[in-house]
Amino acid sequence: DEYERKYPHWGMPYGLPALTQDEHDTLARWIEAGAPASAAPPLPVAYARRVARWEAFLNGNSLKARLSSRYIYEHWFIGNLYFDDLPGEEYFQLVRSKTPPGEPIEVIATRRPYDDPGVERAYYRLRRVTETPLAKTHMPYALNEARMARLKALFHDAPYEVSALPSYEPEVASNPFVAFRELPVEAR
């Protein structure tokens, strides 16, 4: 009480009344219980279909598809992806997973997007963002039919061959001019 009288404008949250003892006790019990979060509601069917379509696109089996998906991942991993023609505000992150589409995502966590995933094949998956986006890190990027058509034209339909996937050795993976040299210049 003395501190509050001396410094009435200090503290958080600024300008709001203090918590009651009951509110404080509720928060303390929640923290003691491990701060459990309630489960997110199920993903609407329209979103689930769209996620499945994009994951199918990003996980083709040809060398051409796999190299282009690696390139796309290394450019999109930091964004909050969304479907601009669907209602609501669902965002997704493009992650690498040990598991293919249709199975629960097992994120491959690495320091950099081009680090070795440590598995024979990484799958590119759209993971739902369940936390509230922060303005300073929120980089929305729309996924739609036009974008998919453009990616298909640039990477899948273009006349080029991929002889082998690049390694994850740092001198290769950290240099996009080396790692992605077999991709068409127009696509890069």
# chains A, B, ... in the order shown; residues from 1 in each chain; ligands from 1
>>> select_by_dssp(residues="region 10-87 of chain A", states="strand (DSSP E or B)", output="PDB file with all heavy atoms, in the first residue's frame")
ATOM      1  N   ASN A  80       3.091 -15.851 -41.364  1.00  0.00           N
ATOM      2  CA  ASN A  80       1.802 -16.366 -40.911  1.00  0.00           C
ATOM      3  C   ASN A  80       0.933 -16.493 -42.153  1.00  0.00           C
ATOM      4  O   ASN A  80       0.482 -15.500 -42.714  1.00  0.00           O
ATOM      5  CB  ASN A  80       1.149 -15.434 -39.882  1.00  0.00           C
ATOM      6  CG  ASN A  80       1.796 -15.555 -38.526  1.00  0.00           C
ATOM      7  OD1 ASN A  80       2.377 -16.576 -38.187  1.00  0.00           O
ATOM      8  ND2 ASN A  80       1.711 -14.513 -37.743  1.00  0.00           N
ATOM      9  N   LEU A  81       0.734 -17.719 -42.568  1.00  0.00           N
ATOM     10  CA  LEU A  81       0.014 -17.996 -43.798  1.00  0.00           C
ATOM     11  C   LEU A  81      -1.481 -18.049 -43.533  1.00  0.00           C
ATOM     12  O   LEU A  81      -1.909 -18.532 -42.482  1.00  0.00           O
ATOM     13  CB  LEU A  81       0.500 -19.318 -44.381  1.00  0.00           C
ATOM     14  CG  LEU A  81       2.027 -19.456 -44.507  1.00  0.00           C
ATOM     15  CD1 LEU A  81       2.405 -20.851 -44.957  1.00  0.00           C
ATOM     16  CD2 LEU A  81       2.591 -18.407 -45.438  1.00  0.00           C
ATOM     17  N   TYR A  82      -2.256 -17.555 -44.480  1.00  0.00           N
ATOM     18  CA  TYR A  82      -3.710 -17.576 -44.314  1.00  0.00           C
ATOM     19  C   TYR A  82      -4.367 -17.747 -45.672  1.00  0.00           C
ATOM     20  O   TYR A  82      -3.752 -17.526 -46.715  1.00  0.00           O
ATOM     21  CB  TYR A  82      -4.212 -16.302 -43.639  1.00  0.00           C
ATOM     22  CG  TYR A  82      -4.085 -15.052 -44.464  1.00  0.00           C
ATOM     23  CD1 TYR A  82      -5.185 -14.537 -45.149  1.00  0.00           C
ATOM     24  CD2 TYR A  82      -2.872 -14.383 -44.591  1.00  0.00           C
ATOM     25  CE1 TYR A  82      -5.068 -13.394 -45.926  1.00  0.00           C
ATOM     26  CE2 TYR A  82      -2.751 -13.246 -45.367  1.00  0.00           C
ATOM     27  CZ  TYR A  82      -3.855 -12.757 -46.028  1.00  0.00           C
ATOM     28  OH  TYR A  82      -3.740 -11.635 -46.807  1.00  0.00           O
ATOM     29  N   PHE A  83      -5.620 -18.197 -45.645  1.00  0.00           N
ATOM     30  CA  PHE A  83      -6.393 -18.384 -46.860  1.00  0.00           C
ATOM     31  C   PHE A  83      -7.299 -17.170 -47.016  1.00  0.00           C
ATOM     32  O   PHE A  83      -8.247 -17.004 -46.255  1.00  0.00           O
ATOM     33  CB  PHE A  83      -7.189 -19.685 -46.785  1.00  0.00           C
ATOM     34  CG  PHE A  83      -6.298 -20.886 -46.569  1.00  0.00           C
ATOM     35  CD1 PHE A  83      -6.318 -21.578 -45.376  1.00  0.00           C
ATOM     36  CD2 PHE A  83      -5.429 -21.305 -47.561  1.00  0.00           C
ATOM     37  CE1 PHE A  83      -5.490 -22.668 -45.171  1.00  0.00           C
ATOM     38  CE2 PHE A  83      -4.593 -22.388 -47.369  1.00  0.00           C
ATOM     39  CZ  PHE A  83      -4.623 -23.079 -46.171  1.00  0.00           C
TER      40      PHE A  83
END
>>> select_by_dssp(residues="region 6-54 of chain A", states="helix (DSSP H, G or I)", output="ChimeraX atom specification")
/A:6,21-32,45-54
>>> write_last_selection(atoms="C-alpha atoms", output="PDB file, in the first residue's frame")
ATOM      1  CA  LYS A   6       4.434   6.746  -3.350  1.00  0.00           C
ATOM      2  CA  GLN A  21      -7.382 -11.793  -3.651  1.00  0.00           C
ATOM      3  CA  ASP A  22      -9.756 -14.303  -5.293  1.00  0.00           C
ATOM      4  CA  GLU A  23      -8.435 -13.387  -8.758  1.00  0.00           C
ATOM      5  CA  HIS A  24      -4.866 -13.674  -7.524  1.00  0.00           C
ATOM      6  CA  ASP A  25      -5.585 -17.074  -5.955  1.00  0.00           C
ATOM      7  CA  THR A  26      -7.210 -18.288  -9.191  1.00  0.00           C
ATOM      8  CA  LEU A  27      -4.119 -17.326 -11.187  1.00  0.00           C
ATOM      9  CA  ALA A  28      -1.816 -18.891  -8.606  1.00  0.00           C
ATOM     10  CA  ARG A  29      -3.736 -22.209  -8.735  1.00  0.00           C
ATOM     11  CA  TRP A  30      -3.649 -22.152 -12.545  1.00  0.00           C
ATOM     12  CA  ILE A  31       0.131 -21.623 -12.516  1.00  0.00           C
ATOM     13  CA  GLU A  32       0.617 -24.350  -9.900  1.00  0.00           C
ATOM     14  CA  VAL A  45     -13.756 -28.391 -42.698  1.00  0.00           C
ATOM     15  CA  ALA A  46     -13.068 -25.782 -45.392  1.00  0.00           C
ATOM     16  CA  TYR A  47      -9.724 -24.996 -43.745  1.00  0.00           C
ATOM     17  CA  ALA A  48      -8.824 -28.666 -43.307  1.00  0.00           C
ATOM     18  CA  ARG A  49      -9.443 -29.263 -47.022  1.00  0.00           C
ATOM     19  CA  ARG A  50      -7.312 -26.301 -48.007  1.00  0.00           C
ATOM     20  CA  VAL A  51      -4.490 -27.363 -45.675  1.00  0.00           C
ATOM     21  CA  ALA A  52      -4.597 -30.876 -47.185  1.00  0.00           C
ATOM     22  CA  ARG A  53      -4.422 -29.432 -50.701  1.00  0.00           C
ATOM     23  CA  TRP A  54      -1.395 -27.261 -49.906  1.00  0.00           C
TER      24      TRP A  54
END
>>> closest_atom_pairs(of="region 21-74 of chain A", to="region 99-121 of chain A", cutoff="8 Å", atoms="only C-alpha atoms", output="Markdown table")
| residue | atom | partner | partner_atom | distance |
| --- | --- | --- | --- | --- |
| A:Ala52 | CA | A:Pro101 | CA | 7.3 |
| A:Glu55 | CA | A:Pro101 | CA | 6.5 |
| A:Ala56 | CA | A:Pro101 | CA | 7.4 |
| A:Tyr73 | CA | A:Pro113 | CA | 7.7 |
| A:Glu74 | CA | A:Pro113 | CA | 5.5 |
>>> residues_around(residues="Asn144 (chain A)", least_positions_apart="2", cutoff="8 Å", atoms="only C-alpha atoms", output="NGL selection string")
:A and (83-85 or 142 or 146-148)
>>> atom_distance(atom1="CA of Leu63 (chain A)", atom2="CA of Arg128 (chain A)")
27.3 Å
>>> closest_residue(among="A:Ser97, A:Leu183, A:Ala40, A:Tyr7", to="Asp157 (chain A)", atoms="only C-alpha atoms")
A:Leu183
>>> closest_residue(among="A:Pro133, A:Ile78, A:Leu67, A:Phe177", to="Tyr160 (chain A)", atoms="only C-alpha atoms")
A:Leu67
>>> atom_distance(atom1="CA of Leu19 (chain A)", atom2="CA of Ala37 (chain A)")
20.9 Å
>>> closest_residue(among="A:Pro140, A:Pro159, A:Gly60, A:Pro8", to="Glu89 (chain A)", atoms="only C-alpha atoms")
A:Pro140
>>> decode(residues="region 129-165 of chain A", atoms="N, CA, C and O atoms", output="mmCIF file, in the first residue's frame")
data_model
loop_
_atom_site.group_PDB
_atom_site.id
_atom_site.type_symbol
_atom_site.label_atom_id
_atom_site.label_comp_id
_atom_site.auth_asym_id
_atom_site.auth_seq_id
_atom_site.Cartn_x
_atom_site.Cartn_y
_atom_site.Cartn_z
ATOM 1 N N VAL A 129 -1.697 -21.778 -36.141
ATOM 2 C CA VAL A 129 -1.207 -20.850 -35.124
ATOM 3 C C VAL A 129 -2.343 -20.670 -34.117
ATOM 4 O O VAL A 129 -3.425 -20.221 -34.475
ATOM 5 N N THR A 130 -2.079 -21.039 -32.875
ATOM 6 C CA THR A 130 -3.136 -20.951 -31.862
ATOM 7 C C THR A 130 -2.969 -19.747 -30.947
ATOM 8 O O THR A 130 -3.908 -19.370 -30.258
ATOM 9 N N GLU A 131 -1.782 -19.144 -30.926
ATOM 10 C CA GLU A 131 -1.599 -17.958 -30.092
ATOM 11 C C GLU A 131 -1.954 -16.704 -30.884
ATOM 12 O O GLU A 131 -1.954 -16.711 -32.110
ATOM 13 N N THR A 132 -2.243 -15.644 -30.179
ATOM 14 C CA THR A 132 -2.584 -14.381 -30.823
ATOM 15 C C THR A 132 -1.338 -13.804 -31.490
ATOM 16 O O THR A 132 -0.303 -13.677 -30.853
ATOM 17 N N PRO A 133 -1.426 -13.469 -32.778
ATOM 18 C CA PRO A 133 -0.251 -12.889 -33.446
ATOM 19 C C PRO A 133 0.142 -11.551 -32.821
ATOM 20 O O PRO A 133 -0.716 -10.761 -32.437
ATOM 21 N N LEU A 134 1.434 -11.316 -32.735
ATOM 22 C CA LEU A 134 1.960 -10.039 -32.241
ATOM 23 C C LEU A 134 2.287 -9.154 -33.439
ATOM 24 O O LEU A 134 2.868 -9.617 -34.414
ATOM 25 N N ALA A 135 1.937 -7.897 -33.340
ATOM 26 C CA ALA A 135 2.139 -6.973 -34.459
ATOM 27 C C ALA A 135 3.593 -6.954 -34.934
ATOM 28 O O ALA A 135 3.856 -6.916 -36.131
ATOM 29 N N LYS A 136 4.536 -7.012 -34.011
ATOM 30 C CA LYS A 136 5.941 -6.870 -34.400
ATOM 31 C C LYS A 136 6.504 -8.100 -35.108
ATOM 32 O O LYS A 136 7.543 -8.021 -35.744
ATOM 33 N N THR A 137 5.833 -9.242 -35.021
ATOM 34 C CA THR A 137 6.318 -10.438 -35.701
ATOM 35 C C THR A 137 5.300 -11.020 -36.679
ATOM 36 O O THR A 137 5.556 -12.045 -37.295
ATOM 37 N N HIS A 138 4.169 -10.389 -36.825
ATOM 38 C CA HIS A 138 3.094 -10.901 -37.677
ATOM 39 C C HIS A 138 3.354 -10.516 -39.122
ATOM 40 O O HIS A 138 3.297 -9.341 -39.486
ATOM 41 N N MET A 139 3.684 -11.510 -39.941
ATOM 42 C CA MET A 139 3.921 -11.279 -41.358
ATOM 43 C C MET A 139 2.935 -12.134 -42.139
ATOM 44 O O MET A 139 3.232 -13.269 -42.503
ATOM 45 N N PRO A 140 1.730 -11.611 -42.365
ATOM 46 C CA PRO A 140 0.719 -12.394 -43.065
ATOM 47 C C PRO A 140 1.054 -12.575 -44.544
ATOM 48 O O PRO A 140 1.570 -11.663 -45.189
ATOM 49 N N TYR A 141 0.775 -13.769 -45.043
ATOM 50 C CA TYR A 141 1.038 -14.091 -46.445
ATOM 51 C C TYR A 141 -0.117 -14.954 -46.938
ATOM 52 O O TYR A 141 -0.372 -16.024 -46.388
ATOM 53 N N ALA A 142 -0.807 -14.482 -47.943
ATOM 54 C CA ALA A 142 -2.024 -15.149 -48.426
ATOM 55 C C ALA A 142 -1.718 -16.357 -49.298
ATOM 56 O O ALA A 142 -0.848 -16.313 -50.169
ATOM 57 N N LEU A 143 -2.447 -17.426 -49.038
ATOM 58 C CA LEU A 143 -2.413 -18.612 -49.885
ATOM 59 C C LEU A 143 -3.753 -18.684 -50.611
ATOM 60 O O LEU A 143 -4.800 -18.589 -49.979
ATOM 61 N N ASN A 144 -3.700 -18.838 -51.918
ATOM 62 C CA ASN A 144 -4.926 -18.909 -52.704
ATOM 63 C C ASN A 144 -4.629 -19.661 -54.003
ATOM 64 O O ASN A 144 -3.497 -20.087 -54.250
ATOM 65 N N GLU A 145 -5.654 -19.815 -54.829
ATOM 66 C CA GLU A 145 -5.512 -20.571 -56.074
ATOM 67 C C GLU A 145 -4.517 -19.905 -57.024
ATOM 68 O O GLU A 145 -3.746 -20.586 -57.696
ATOM 69 N N ALA A 146 -4.530 -18.586 -57.095
ATOM 70 C CA ALA A 146 -3.610 -17.881 -57.985
ATOM 71 C C ALA A 146 -2.155 -18.109 -57.566
ATOM 72 O O ALA A 146 -1.283 -18.321 -58.416
ATOM 73 N N ARG A 147 -1.893 -18.095 -56.269
ATOM 74 C CA ARG A 147 -0.521 -18.318 -55.791
ATOM 75 C C ARG A 147 -0.082 -19.747 -56.100
ATOM 76 O O ARG A 147 1.040 -19.986 -56.528
ATOM 77 N N MET A 148 -0.969 -20.716 -55.874
ATOM 78 C CA MET A 148 -0.602 -22.099 -56.172
ATOM 79 C C MET A 148 -0.352 -22.283 -57.662
ATOM 80 O O MET A 148 0.613 -22.940 -58.063
ATOM 81 N N ALA A 149 -1.183 -21.680 -58.498
ATOM 82 C CA ALA A 149 -0.991 -21.787 -59.943
ATOM 83 C C ALA A 149 0.353 -21.182 -60.356
ATOM 84 O O ALA A 149 1.066 -21.744 -61.207
ATOM 85 N N ARG A 150 0.698 -20.061 -59.760
ATOM 86 C CA ARG A 150 1.984 -19.427 -60.078
ATOM 87 C C ARG A 150 3.163 -20.308 -59.649
ATOM 88 O O ARG A 150 4.128 -20.477 -60.388
ATOM 89 N N LEU A 151 3.070 -20.888 -58.451
ATOM 90 C CA LEU A 151 4.141 -21.771 -57.975
ATOM 91 C C LEU A 151 4.265 -23.006 -58.873
ATOM 92 O O LEU A 151 5.384 -23.442 -59.187
ATOM 93 N N LYS A 152 3.140 -23.567 -59.275
ATOM 94 C CA LYS A 152 3.176 -24.725 -60.176
ATOM 95 C C LYS A 152 3.841 -24.350 -61.494
ATOM 96 O O LYS A 152 4.660 -25.105 -62.025
ATOM 97 N N ALA A 153 3.485 -23.183 -62.029
ATOM 98 C CA ALA A 153 4.076 -22.745 -63.298
ATOM 99 C C ALA A 153 5.579 -22.516 -63.157
ATOM 100 O O ALA A 153 6.360 -22.913 -64.030
ATOM 101 N N LEU A 154 5.996 -21.896 -62.069
ATOM 102 C CA LEU A 154 7.414 -21.585 -61.859
ATOM 103 C C LEU A 154 8.256 -22.817 -61.561
ATOM 104 O O LEU A 154 9.385 -22.940 -62.052
ATOM 105 N N PHE A 155 7.726 -23.711 -60.743
ATOM 106 C CA PHE A 155 8.549 -24.808 -60.234
ATOM 107 C C PHE A 155 8.218 -26.189 -60.807
ATOM 108 O O PHE A 155 9.109 -26.990 -61.031
ATOM 109 N N HIS A 156 6.954 -26.503 -61.005
ATOM 110 C CA HIS A 156 6.601 -27.860 -61.429
ATOM 111 C C HIS A 156 6.487 -27.998 -62.940
ATOM 112 O O HIS A 156 6.893 -29.017 -63.503
ATOM 113 N N ASP A 157 5.919 -26.995 -63.587
ATOM 114 C CA ASP A 157 5.674 -27.100 -65.025
ATOM 115 C C ASP A 157 6.837 -26.587 -65.874
ATOM 116 O O ASP A 157 6.890 -26.870 -67.073
ATOM 117 N N ALA A 158 7.728 -25.835 -65.284
ATOM 118 C CA ALA A 158 8.859 -25.269 -66.026
ATOM 119 C C ALA A 158 9.757 -26.403 -66.543
ATOM 120 O O ALA A 158 9.927 -27.427 -65.867
ATOM 121 N N PRO A 159 10.339 -26.225 -67.729
ATOM 122 C CA PRO A 159 11.194 -27.273 -68.316
ATOM 123 C C PRO A 159 12.622 -27.245 -67.752
ATOM 124 O O PRO A 159 13.489 -26.550 -68.260
ATOM 125 N N TYR A 160 12.828 -27.984 -66.697
ATOM 126 C CA TYR A 160 14.175 -28.132 -66.130
ATOM 127 C C TYR A 160 14.229 -29.475 -65.412
ATOM 128 O O TYR A 160 13.209 -30.084 -65.116
ATOM 129 N N GLU A 161 15.430 -29.925 -65.137
ATOM 130 C CA GLU A 161 15.629 -31.200 -64.446
ATOM 131 C C GLU A 161 16.400 -30.957 -63.159
ATOM 132 O O GLU A 161 17.261 -30.073 -63.091
ATOM 133 N N VAL A 162 16.096 -31.740 -62.154
ATOM 134 C CA VAL A 162 16.859 -31.728 -60.908
ATOM 135 C C VAL A 162 17.584 -33.066 -60.834
ATOM 136 O O VAL A 162 16.950 -34.121 -60.815
ATOM 137 N N SER A 163 18.906 -33.009 -60.823
ATOM 138 C CA SER A 163 19.697 -34.244 -60.828
ATOM 139 C C SER A 163 19.832 -34.848 -59.445
ATOM 140 O O SER A 163 19.916 -36.066 -59.303
ATOM 141 N N ALA A 164 19.862 -34.000 -58.407
ATOM 142 C CA ALA A 164 19.995 -34.482 -57.030
ATOM 143 C C ALA A 164 19.605 -33.361 -56.080
ATOM 144 O O ALA A 164 19.735 -32.182 -56.421
ATOM 145 N N LEU A 165 19.139 -33.739 -54.918
ATOM 146 C CA LEU A 165 18.825 -32.733 -53.894
ATOM 147 C C LEU A 165 20.117 -32.239 -53.277
ATOM 148 O O LEU A 165 21.056 -33.023 -53.073
#
